[in-house]
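Engineer: Please find run-v1.txt (compact mmCIF, C-alpha atoms) on the next line:
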# COMPACT_ATOMS: atom_id res chain seq x y z
CA MET B 1170 49.09 159.03 108.53
CA LYS B 1171 52.03 156.66 108.63
CA MET B 1172 52.75 154.70 111.76
CA LYS B 1173 56.03 156.49 112.46
CA GLU B 1174 54.30 159.88 112.36
CA ILE B 1175 51.53 158.60 114.62
CA VAL B 1176 53.93 157.20 117.21
CA GLU B 1177 56.03 160.36 117.18
CA ARG B 1178 52.84 162.30 117.81
CA ILE B 1179 52.06 160.01 120.76
CA ARG B 1180 55.61 160.41 122.05
CA LEU B 1181 55.00 164.14 122.43
CA LEU B 1182 52.02 163.65 124.76
CA PRO B 1183 52.64 164.32 128.45
CA GLU B 1184 53.57 161.14 130.36
CA ALA B 1185 53.89 159.09 127.18
CA TYR B 1186 56.29 156.16 127.33
CA VAL B 1187 57.29 154.70 123.97
CA ASP B 1188 59.61 151.71 124.01
CA CYS B 1189 61.89 150.41 121.27
CA GLY B 1190 61.92 147.21 119.25
CA LEU B 1191 64.20 144.96 117.28
CA ARG B 1192 64.25 147.11 114.18
CA GLN B 1193 65.81 149.99 116.07
CA GLY B 1194 68.92 147.90 116.51
CA ARG B 1195 70.84 146.15 119.25
CA ASP B 1196 72.37 149.33 120.63
CA MET B 1197 68.96 150.89 121.28
CA ILE B 1198 67.74 147.74 123.03
CA GLN B 1199 70.90 147.65 125.14
CA LYS B 1200 70.52 151.32 126.01
CA GLN B 1201 66.92 150.80 127.11
CA LEU B 1202 67.80 147.72 129.16
CA ASN B 1203 70.67 149.60 130.80
CA GLU B 1204 68.30 152.44 131.64
CA ARG B 1205 65.92 149.97 133.25
CA ALA B 1206 68.61 148.23 135.25
CA GLY B 1207 70.45 151.41 136.23
CA GLU B 1208 73.68 149.79 135.11
CA GLU B 1209 75.33 148.15 132.10
CA GLU B 1210 73.51 144.94 131.29
CA LYS B 1211 75.55 141.84 130.55
CA VAL B 1212 76.07 141.12 126.87
CA GLU B 1213 74.64 137.63 127.34
CA PHE B 1214 71.43 139.00 128.81
CA VAL B 1215 70.97 141.53 125.99
CA ASP B 1216 71.54 138.84 123.36
CA ALA B 1217 69.12 136.48 125.09
CA PHE B 1218 66.56 139.26 125.46
CA ILE B 1219 66.71 140.05 121.74
CA GLU B 1220 66.33 136.39 120.88
CA ASP B 1221 63.34 136.18 123.22
CA ILE B 1222 61.66 139.13 121.48
CA GLN B 1223 62.03 137.34 118.16
CA ASN B 1224 60.68 134.10 119.65
CA THR B 1225 57.76 135.84 121.33
CA ILE B 1226 56.64 137.48 118.09
CA ALA B 1227 57.11 134.25 116.14
CA SER B 1228 55.19 132.35 118.80
CA LEU B 1229 52.38 134.90 118.71
CA ILE B 1230 52.08 134.50 114.92
CA GLN B 1231 51.99 130.73 115.36
CA ARG B 1232 49.41 130.84 118.15
CA ALA B 1233 47.17 132.97 115.97
CA LYS B 1234 46.96 130.24 113.29
CA PRO B 1235 44.79 129.62 111.30
CA TYR B 1236 44.43 133.41 111.31
CA ASP B 1237 46.97 135.98 110.26
CA ILE B 1238 48.07 138.88 112.41
CA PRO B 1239 48.01 142.10 110.38
CA ASP B 1240 51.38 143.41 109.24
CA ASP B 1241 50.97 146.83 110.80
CA TYR B 1242 50.63 145.33 114.30
CA ILE B 1243 53.69 143.11 113.82
CA SER B 1244 55.59 146.11 112.48
CA PHE B 1245 54.68 148.08 115.58
CA LEU B 1246 55.95 145.32 117.88
CA GLU B 1247 59.14 144.98 115.84
CA TYR B 1248 59.87 148.71 115.73
CA TYR B 1249 58.48 150.04 119.00
CA GLY B 1250 57.97 147.07 121.31
CA GLY B 1251 55.10 148.64 123.27
CA LEU B 1252 53.89 151.90 124.75
CA PHE B 1253 52.04 153.43 127.67
CA LEU B 1254 50.14 156.68 128.31
CA TRP B 1255 49.41 158.01 131.80
CA ASN B 1256 47.26 160.88 132.95
CA ASP B 1257 45.16 161.69 135.99
CA LYS B 1258 42.00 160.19 134.48
CA TYR B 1259 43.15 156.97 132.79
CA THR B 1260 46.07 154.93 131.53
CA LEU B 1261 46.45 153.27 128.13
CA SER B 1262 48.72 150.24 127.74
CA LEU B 1263 49.67 148.83 124.36
CA PHE B 1264 50.97 145.41 125.40
CA GLY B 1265 54.28 144.47 123.92
CA THR B 1266 57.67 142.82 123.83
CA GLY B 1267 60.25 145.57 124.26
CA PRO B 1268 62.93 146.23 126.90
CA MET B 1269 60.45 147.94 129.19
CA VAL B 1270 57.98 145.04 129.22
CA GLU B 1271 56.38 144.55 132.65
CA GLU B 1272 57.79 147.95 133.59
CA TRP B 1273 55.77 150.32 131.39
CA TYR B 1274 53.21 147.86 129.98
CA SER B 1275 52.17 144.23 130.23
CA SER B 1276 53.57 141.57 127.93
CA VAL B 1277 51.58 140.28 124.94
CA VAL B 1278 51.81 136.86 126.65
CA SER B 1279 51.00 138.00 130.20
CA ASP B 1280 47.95 137.24 132.35
CA GLU B 1281 46.38 140.38 130.85
CA ALA B 1282 46.19 138.80 127.38
CA LEU B 1283 43.96 136.14 125.89
CA GLN B 1284 46.04 132.99 125.51
CA GLU B 1285 43.96 131.09 122.97
CA VAL B 1286 44.41 133.47 120.06
CA GLY B 1287 43.87 131.00 117.24
CA GLN B 1288 41.00 129.28 118.99
CA TYR B 1289 38.88 132.43 119.31
CA GLY B 1290 40.29 134.58 116.53
CA PHE B 1291 40.97 137.59 118.74
CA LEU B 1292 44.31 139.05 119.79
CA THR B 1293 44.58 141.23 122.91
CA ILE B 1294 46.51 144.39 122.08
CA GLY B 1295 46.01 146.53 125.16
CA SER B 1296 43.81 148.05 127.81
CA LEU B 1297 42.45 151.39 128.92
CA ASN B 1298 42.15 151.62 132.71
CA PHE B 1299 40.17 154.41 134.34
CA ARG B 1300 41.17 156.20 137.53
CA GLU B 1301 38.85 157.52 140.23
CA GLN B 1302 38.45 160.96 138.61
CA HIS B 1303 36.90 159.44 135.48
CA LYS B 1304 33.18 158.71 135.08
CA TYR B 1305 34.14 155.01 134.61
CA LYS B 1306 36.00 154.97 137.92
CA PHE B 1307 38.24 151.84 138.23
CA GLN B 1308 36.59 150.19 135.21
CA TYR B 1309 38.53 149.16 132.14
CA VAL B 1310 38.31 148.45 128.42
CA THR B 1311 40.28 145.63 126.78
CA PHE B 1312 41.16 146.04 123.10
CA PHE B 1313 41.26 143.13 120.69
CA LEU B 1314 42.28 142.74 117.06
CA ASP B 1315 39.57 140.79 115.25
CA LEU B 1316 41.69 138.28 113.35
CA ALA B 1317 38.85 136.00 112.31
CA GLY B 1318 36.45 138.67 111.08
CA HIS B 1319 33.78 137.99 113.70
CA VAL B 1320 32.93 141.70 113.49
CA GLN B 1321 35.19 142.92 110.65
CA LYS B 1322 38.51 141.40 109.72
CA HIS B 1323 41.44 143.20 111.39
CA CYS B 1324 39.28 145.81 113.07
CA VAL B 1325 39.87 146.68 116.72
CA ILE B 1326 37.07 146.20 119.20
CA GLY B 1327 36.90 147.39 122.79
CA ILE B 1328 35.15 145.24 125.40
CA GLY B 1329 33.91 147.33 128.31
CA PRO B 1330 34.02 149.62 130.14
CA TRP B 1331 33.30 147.43 133.12
CA GLY B 1332 34.66 146.49 136.52
CA ALA B 1333 34.87 143.21 138.39
CA GLU B 1334 32.08 141.32 136.68
CA THR B 1335 30.79 137.76 136.61
CA LEU B 1336 31.42 137.77 132.86
CA THR B 1337 34.96 137.98 131.56
CA PRO B 1338 36.12 139.28 128.17
CA LEU B 1339 36.61 135.64 127.15
CA ASP B 1340 32.91 134.95 127.78
CA ILE B 1341 32.09 137.81 125.41
CA LEU B 1342 34.59 136.75 122.76
CA LYS B 1343 33.24 133.20 122.62
CA ASP B 1344 29.92 134.52 121.32
CA ILE B 1345 30.39 138.18 120.65
CA HIS B 1346 27.10 138.86 118.92
CA ALA B 1347 25.20 137.52 121.95
CA TYR B 1348 26.47 140.45 124.04
CA PRO B 1349 25.87 143.53 121.89
CA GLY B 1350 25.94 146.03 124.73
CA THR B 1351 29.34 145.01 126.05
CA TRP B 1352 31.65 145.89 123.14
CA GLN B 1353 32.15 148.40 120.32
CA LYS B 1354 34.18 148.53 117.16
CA VAL B 1355 36.72 151.24 117.84
CA ALA B 1356 38.78 151.26 114.63
CA ASN B 1357 38.96 149.56 111.23
CA SER B 1358 42.61 148.61 111.68
CA PHE B 1359 45.45 148.64 114.18
CA THR B 1360 47.00 151.72 112.54
CA GLU B 1361 43.68 153.55 112.68
CA TRP B 1362 43.37 152.58 116.36
CA LEU B 1363 46.85 153.96 117.02
CA GLU B 1364 45.95 157.16 115.17
CA LEU B 1365 42.82 157.51 117.30
CA ALA B 1366 44.96 156.99 120.40
CA ALA B 1367 47.13 159.91 119.30
CA GLU B 1368 44.17 162.14 118.43
CA THR B 1369 42.26 161.46 121.66
CA GLU B 1370 45.34 161.16 123.90
CA GLY B 1371 44.37 157.58 124.63
CA ALA B 1372 40.72 158.17 125.53
CA PHE B 1373 39.20 156.94 122.21
CA ILE B 1374 35.40 157.02 122.37
CA TYR B 1375 35.33 156.63 126.14
CA GLY B 1376 35.84 160.29 126.89
CA MET F 76 54.82 131.78 154.69
CA THR F 77 54.89 132.24 150.96
CA VAL F 78 51.58 132.56 149.14
CA GLY F 79 50.62 131.90 145.53
CA ASP F 80 53.99 130.33 144.74
CA GLY F 81 52.79 128.21 141.82
CA ASN F 82 55.91 126.16 141.16
CA PHE F 83 57.48 126.84 144.60
CA ASN F 84 60.59 128.32 142.94
CA TYR F 85 60.59 131.26 145.28
CA SER F 86 60.01 129.10 148.36
CA TYR F 87 62.90 126.81 147.50
CA SER F 88 65.20 129.75 146.77
CA LEU F 89 64.28 131.45 150.05
CA TYR F 90 64.84 128.22 151.95
CA ALA F 91 68.25 127.73 150.28
CA LEU F 92 69.32 131.08 151.74
CA HIS F 93 67.80 130.49 155.18
CA ARG F 94 67.92 126.83 156.19
CA ASP F 95 67.17 127.71 159.78
CA TRP F 96 63.89 129.43 158.93
CA LYS F 97 60.63 127.51 159.20
CA ILE F 98 58.97 128.26 155.89
CA THR F 99 55.47 127.29 154.85
CA GLY F 100 55.34 127.41 151.07
CA THR F 101 51.85 127.54 149.56
CA ARG F 102 50.15 127.78 146.20
CA TYR F 103 46.57 128.33 145.07
CA GLY F 104 46.02 124.94 143.45
CA ASP F 105 42.35 124.18 142.81
CA GLY F 106 41.05 127.10 144.87
CA SER F 107 39.32 124.84 147.40
CA ASN F 108 41.44 126.00 150.35
CA ASN F 109 41.44 122.42 151.67
CA GLN F 110 45.24 122.84 152.15
CA THR F 111 46.88 119.54 151.37
CA PRO F 112 50.58 118.67 151.63
CA PHE F 113 52.48 118.90 148.33
CA PRO F 114 55.39 116.58 147.47
CA GLY F 115 58.80 118.18 147.76
CA SER F 116 58.91 119.39 151.35
CA VAL F 117 62.45 119.35 152.73
CA GLY F 118 63.89 120.15 156.13
CA ASN F 119 62.20 123.26 157.52
CA LEU F 120 60.36 123.95 154.26
CA LYS F 121 56.85 122.54 154.21
CA LEU F 122 54.82 122.77 151.00
CA TYR F 123 51.05 122.89 150.63
CA THR F 124 48.71 123.24 147.71
CA ASN F 125 45.07 124.40 147.53
CA VAL F 126 45.71 127.39 149.76
CA ASP F 127 43.53 130.43 149.12
CA ALA F 128 45.32 133.70 149.90
CA ARG F 129 42.00 135.27 150.90
CA HIS F 130 41.27 132.69 153.59
CA LEU F 131 44.60 132.01 155.24
CA HIS F 132 43.30 132.72 158.71
CA SER F 133 40.63 130.02 158.42
CA GLY F 134 42.80 127.41 156.73
CA SER F 135 43.40 124.07 158.44
CA ILE F 136 47.18 124.50 158.04
CA THR F 137 47.78 128.21 157.59
CA GLY F 138 45.33 129.18 160.33
CA ARG F 139 47.13 127.13 162.97
CA ASN F 140 50.19 129.32 163.41
CA LYS F 141 51.38 132.90 163.54
CA TYR F 142 53.93 134.11 161.02
CA ASP F 143 56.72 136.67 161.16
CA ALA F 144 56.23 137.35 157.47
CA ILE F 145 53.70 136.44 154.81
CA ILE F 146 54.98 137.04 151.29
CA PHE F 147 52.84 137.17 148.13
CA ASN F 148 54.71 137.74 144.86
CA ASN F 149 52.83 139.01 141.81
CA PRO F 150 49.22 138.57 142.86
CA HIS F 151 46.97 138.61 139.83
CA ALA F 152 43.32 137.69 139.41
CA GLY F 153 42.55 138.28 135.74
CA ASP F 154 41.97 142.01 135.64
CA GLY F 155 42.64 145.19 137.58
CA PRO F 156 39.53 145.30 139.79
CA GLN F 157 39.73 141.61 140.67
CA THR F 158 43.43 141.88 141.42
CA ALA F 159 42.68 144.83 143.72
CA SER F 160 40.05 142.72 145.52
CA LEU F 161 42.49 139.84 145.85
CA ILE F 162 45.10 142.12 147.39
CA ARG F 163 42.65 143.67 149.85
CA GLU F 164 41.23 140.31 150.92
CA PHE F 165 44.69 138.77 151.22
CA ARG F 166 45.88 141.61 153.42
CA ALA F 167 42.80 141.34 155.64
CA SER F 168 43.26 137.60 156.08
CA ALA F 169 47.04 137.62 156.50
CA ARG F 170 46.85 140.32 159.15
CA LYS F 171 44.99 137.89 161.41
CA ILE F 172 47.83 135.36 161.46
CA LEU F 173 50.83 137.62 161.87
CA SER F 174 52.96 137.25 164.96
CA PRO F 175 53.58 140.45 166.98
CA GLY F 176 55.67 142.72 164.79
CA GLY F 177 55.08 140.50 161.79
CA LYS F 178 54.73 141.96 158.31
CA ILE F 179 52.93 141.29 155.05
CA HIS F 180 55.10 141.65 151.95
CA ILE F 181 53.65 141.97 148.46
CA ASN F 182 56.05 142.22 145.52
CA VAL F 183 54.72 143.33 142.13
CA THR F 184 55.85 144.59 138.76
CA GLN F 185 55.93 148.30 138.07
CA ALA F 186 53.52 147.67 135.19
CA LEU F 187 50.85 146.43 137.58
CA LEU F 188 51.13 149.56 139.71
CA ILE F 189 50.97 152.02 136.83
CA GLU F 190 48.35 150.21 134.74
CA HIS F 191 45.84 149.41 137.48
CA ARG F 192 44.92 152.35 139.69
CA GLU F 193 42.66 150.37 142.03
CA ALA F 194 45.36 147.74 142.58
CA ALA F 195 47.91 150.48 143.24
CA LEU F 196 45.63 151.96 145.89
CA ALA F 197 45.13 148.51 147.45
CA LEU F 198 48.92 148.41 147.69
CA GLY F 199 49.08 151.81 149.34
CA VAL F 200 50.50 153.59 146.29
CA ARG F 201 48.63 156.88 145.92
CA ASP F 202 50.91 158.45 143.34
CA ASN F 203 51.21 155.84 140.60
CA ARG F 204 52.83 157.99 137.96
CA PRO F 205 55.63 155.99 136.34
CA SER F 206 58.18 158.60 137.41
CA GLN F 207 57.23 158.02 141.06
CA VAL F 208 56.61 154.29 141.00
CA LYS F 209 60.10 153.63 139.69
CA LYS F 210 61.52 155.14 142.89
CA LEU F 211 59.60 152.78 145.19
CA PRO F 212 61.64 150.31 147.21
CA THR F 213 62.41 147.01 145.58
CA PHE F 214 62.22 143.38 146.60
CA GLY F 215 65.97 142.89 146.31
CA PRO F 216 69.02 145.17 146.13
CA THR F 217 68.79 147.63 143.24
CA GLN F 218 69.51 151.30 142.56
CA TYR F 219 66.29 152.01 144.48
CA GLY F 220 67.32 150.47 147.76
CA PRO F 221 68.88 147.57 149.66
CA GLY F 222 65.89 145.25 149.29
CA THR F 223 64.25 143.11 151.94
CA LYS F 224 65.41 140.20 154.06
CA TYR F 225 62.86 138.04 152.27
CA TYR F 226 64.43 138.52 148.86
CA ALA F 227 65.59 135.37 147.09
CA PRO F 228 66.45 135.12 143.40
CA TYR F 229 63.86 133.27 141.38
CA ILE F 230 62.08 133.48 138.05
CA PRO F 231 58.49 134.72 138.36
CA HIS F 232 55.81 133.06 136.26
CA TYR F 233 52.49 134.27 134.98
CA THR F 234 49.38 132.64 136.43
CA THR F 235 48.90 131.16 132.97
CA GLY F 236 52.26 129.39 133.33
CA GLY F 237 54.88 131.09 131.21
CA GLU F 238 58.00 132.75 132.61
CA MET F 239 57.52 136.45 133.18
CA LYS F 240 59.02 138.53 130.40
CA HIS F 241 62.24 140.38 131.25
CA TYR F 242 62.52 138.44 134.52
CA TRP F 243 63.05 135.04 132.90
CA GLY F 244 66.60 135.68 131.75
CA ASP F 245 68.20 135.91 135.19
CA PRO F 246 66.70 134.94 138.57
CA ASN F 247 68.36 138.02 140.07
CA LYS F 248 66.02 140.19 137.99
CA ALA F 249 63.30 139.48 140.57
CA ALA F 250 65.13 141.97 142.78
CA GLY F 251 63.53 144.69 140.67
CA LEU F 252 59.97 143.86 141.69
CA LYS F 253 58.44 146.64 143.74
CA ASN F 254 58.06 145.81 147.43
CA ARG F 255 55.09 146.83 149.54
CA VAL F 256 55.02 146.09 153.30
CA PHE F 257 52.06 146.14 155.64
CA PRO F 258 51.56 145.47 159.36
What would the structure in this file look like if it were written as structure tokens?
Structural biologist:
Amino acid sequence: MKMKEIVERIRLLPEAYVDCGLRQGRDMIQKQLNERAGEEEKVEFVDAFIEDIQNTIASLIQRAKPYDIPDDYISFLEYYGGLFLWNDKYTLSLFGTGPMVEEWYSSVVSDEALQEVGQYGFLTIGSLNFREQHKYKFQYVTFFLDLAGHVQKHCVIGIGPWGAETLTPLDILKDIHAYPGTWQKVANSFTEWLELAAETEGAFIYG
Amino acid sequence: MTVGDGNFNYSYSLYALHRDWKITGTRYGDGSNNQTPFPGSVGNLKLYTNVDARHLHSGSITGRNKYDAIIFNNPHAGDGPQTASLIREFRASARKILSPGGKIHINVTQALLIEHREAALALGVRDNRPSQVKKLPTFGPTQYGPGTKYYAPYIPHYTTGGEMKHYWGDPNKAAGLKNRVFP
């Protein structure tokens, strides 16, 4: 299934929040920023915001060197910016760069994301956070794109579920094969991961 | 007192608006809680580093006085559960050094409240659906309310150092942070 079809399927889910990106044009970005602010945003702010999106994506590509970020993930950021799913059992955040960053989802460069992308060869793309009604109450899964092929090039792995632990996801990523019980390959690609998100309403294999 | 103010931007901005207030500006530093003076204090604004938000009441500086308000902007401790713990422990410690009628203020992004259920509960937000969280009162004046007396424009930063996305472009954007108040 193409990405546009997948995202439109996600958009139809209850409490789904799909942002917009650069490729949807300046007017869409302005509209979304206005919606967030509750008033007309200044032209200067909108222009600066658009420039910052471009810089953030460019910086992310640079920080990933010597590895390449797969085109489908970059395309998602450029077209949709980010997205978020909420229900009474869990929430799924796809970190991003759009007008609703830090409102609907965390930024790709926030404290939620691994900073040393090129050093470890993993890129944080999002997280699944469980609520008290779920069997994994208050635990979470962090999703990473495997840029370096530690598991399989450009697959998506999920670390967790777990809660406040002595180990951090970074400890796992530094030597992933030393911690076999703490992670799973969730999808062969970012697009496949997104498709799974649509099919499972964000639950993936975590039920 | 301000807590966790890494580059003291908020403390300076608050002081610029209220020169007659005695403000203790603090940041986490090395996590030792040995609370040492930091260069840059001016007038009634005194700055300290190595101040642990979870142990304010036992700190050599922060434990000496009582405060009308203790303000922590964007607490974050790596993940949702640890951030929830940080918030709970901060509240428990800060409560012990409030003056009568004093209040604890915690200002956070909407994303934190809707992504991390446990942190939302630690902040007293039981209904963290996005449609409800957006209506919560804000740090500064916005469509959702008049804001608080402790609002001051500043640019929030991530713990990792970079300017917070969306908020970097205009220090007045910090008004949109969601405000939680506790006795």
Engineer: Quick one: contact table of chain F to chain B, 10 Å max, nearest atom pair and distance in Å to one decimal per residue, counting all atoms listed in the file, chain and number order, as CSV?
Structural biologist:
residue,atom,partner,partner_atom,distance
F:His151,CA,B:Asp1280,CA,7.7
F:Ala152,CA,B:Asp1280,CA,8.5
F:Gly153,CA,B:Asp1280,CA,6.5
F:Asp154,CA,B:Glu1281,CA,6.7
F:Gly155,CA,B:Tyr1309,CA,7.9
F:Pro156,CA,B:Ala1333,CA,5.3
F:Gln157,CA,B:Ala1333,CA,5.6
F:Thr158,CA,B:Ala1333,CA,9.2
F:Ala159,CA,B:Ala1333,CA,9.6
F:Ser160,CA,B:Ala1333,CA,8.8
F:Val183,CA,B:Glu1271,CA,9.7
F:Thr184,CA,B:Glu1271,CA,6.1
F:Gln185,CA,B:Glu1272,CA,4.9
F:Ala186,CA,B:Glu1272,CA,4.6
F:Leu187,CA,B:Glu1271,CA,7.6
F:Leu188,CA,B:Glu1272,CA,9.2
F:Ile189,CA,B:Trp1273,CA,7.5
F:Glu190,CA,B:Thr1260,CA,6.1
F:His191,CA,B:Asn1298,CA,6.4
F:Arg192,CA,B:Arg1300,CA,5.8
F:Glu193,CA,B:Phe1307,CA,6.0
F:Ala194,CA,B:Phe1307,CA,9.3
F:Asp202,CA,B:Asp1257,CA,9.9
F:Asn203,CA,B:Trp1255,CA,9.2
F:Arg204,CA,B:Trp1255,CA,7.0
F:Pro205,CA,B:Trp1273,CA,7.5
F:Ser206,CA,B:Glu1184,CA,8.8
F:Val208,CA,B:Glu1272,CA,9.8
F:Lys209,CA,B:Glu1272,CA,8.6
F:Thr217,CA,B:Ala1206,CA,8.0
F:Gln218,CA,B:Gly1207,CA,6.4
F:Tyr219,CA,B:Gly1207,CA,9.3
F:His232,CA,B:Ser1279,CA,9.2
F:Tyr233,CA,B:Asp1280,CA,6.0
F:Thr234,CA,B:Asp1280,CA,6.3
F:Thr235,CA,B:Asp1280,CA,6.2
F:Gly236,CA,B:Asp1280,CA,9.0
F:Gly237,CA,B:Val1278,CA,8.0
F:Glu238,CA,B:Ser1279,CA,9.1
F:Met239,CA,B:Ser1279,CA,7.3
F:Lys240,CA,B:Val1270,CA,6.7
F:His241,CA,B:Val1270,CA,6.6
F:Tyr242,CA,B:Glu1271,CA,8.9
F:Trp243,CA,B:Phe1218,CA,9.2
F:Gly244,CA,B:Phe1214,CA,6.6
F:Asp245,CA,B:Phe1214,CA,7.8
F:Lys248,CA,B:Ala1206,CA,8.9
F:Gly251,CA,B:Ala1206,CA,8.2
F:Leu252,CA,B:Glu1272,CA,9.3
Engineer: So, counting only C-alpha atoms, which residue among F:Pro228, F:Gly215, F:Gly222, F:Gly106 is closest to Ser88 (chain F)?
Structural biologist: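 Closest candidate: F:Pro228.
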Engineer: I'd like the neighbourhood of Asp143 (chain F) as a ChimeraX atom specification, where a residue qualifies if any of its atoms comes within 10 Å (using only C-alpha atoms), though same-chain residues fewer than 2 positions away should be ignored.
Structural biologist: /F:76,141,145,172-179
Engineer: Deliver the residues from the most recent selection as a file, using C-alpha atoms, as a JSON list (two decimals), keeping the file's coordinate frame.
Structural biologist:
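Once written, selection_8.json looks like this:
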[["chain", "number", "residue", "atom", "x", "y", "z"],
["F", 76, "MET", "CA", 54.82, 131.78, 154.69],
["F", 141, "LYS", "CA", 51.38, 132.90, 163.54],
["F", 145, "ILE", "CA", 53.70, 136.44, 154.81],
["F", 172, "ILE", "CA", 47.83, 135.36, 161.46],
["F", 173, "LEU", "CA", 50.83, 137.62, 161.87],
["F", 174, "SER", "CA", 52.96, 137.25, 164.96],
["F", 175, "PRO", "CA", 53.58, 140.45, 166.98],
["F", 176, "GLY", "CA", 55.67, 142.72, 164.79],
["F", 177, "GLY", "CA", 55.08, 140.50, 161.79],
["F", 178, "LYS", "CA", 54.73, 141.96, 158.31],
["F", 179, "ILE", "CA", 52.93, 141.29, 155.05]]
Engineer: Please report the interatomic distance between CA of Thr1293 (chain B) and CA of Phe1264 (chain B) in Å with one decimal.
Structural biologist: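 CA of Thr1293 (chain B) sits 8.0 Å away from CA of Phe1264 (chain B).
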Engineer: Using all atoms listed in the file, which residues sit within 6 Å of Ile146 (chain F) once same-chain residues fewer than 5 positions away are excluded, as a PDB file with C-alpha atoms, keeping the file's coordinate frame?
Structural biologist:
ATOM      1  CA  THR F  77      54.890 132.240 150.960  1.00  0.00           C
ATOM      2  CA  HIS F 180      55.100 141.650 151.950  1.00  0.00           C
ATOM      3  CA  ILE F 181      53.650 141.970 148.460  1.00  0.00           C
TER       4      ILE F 181
END
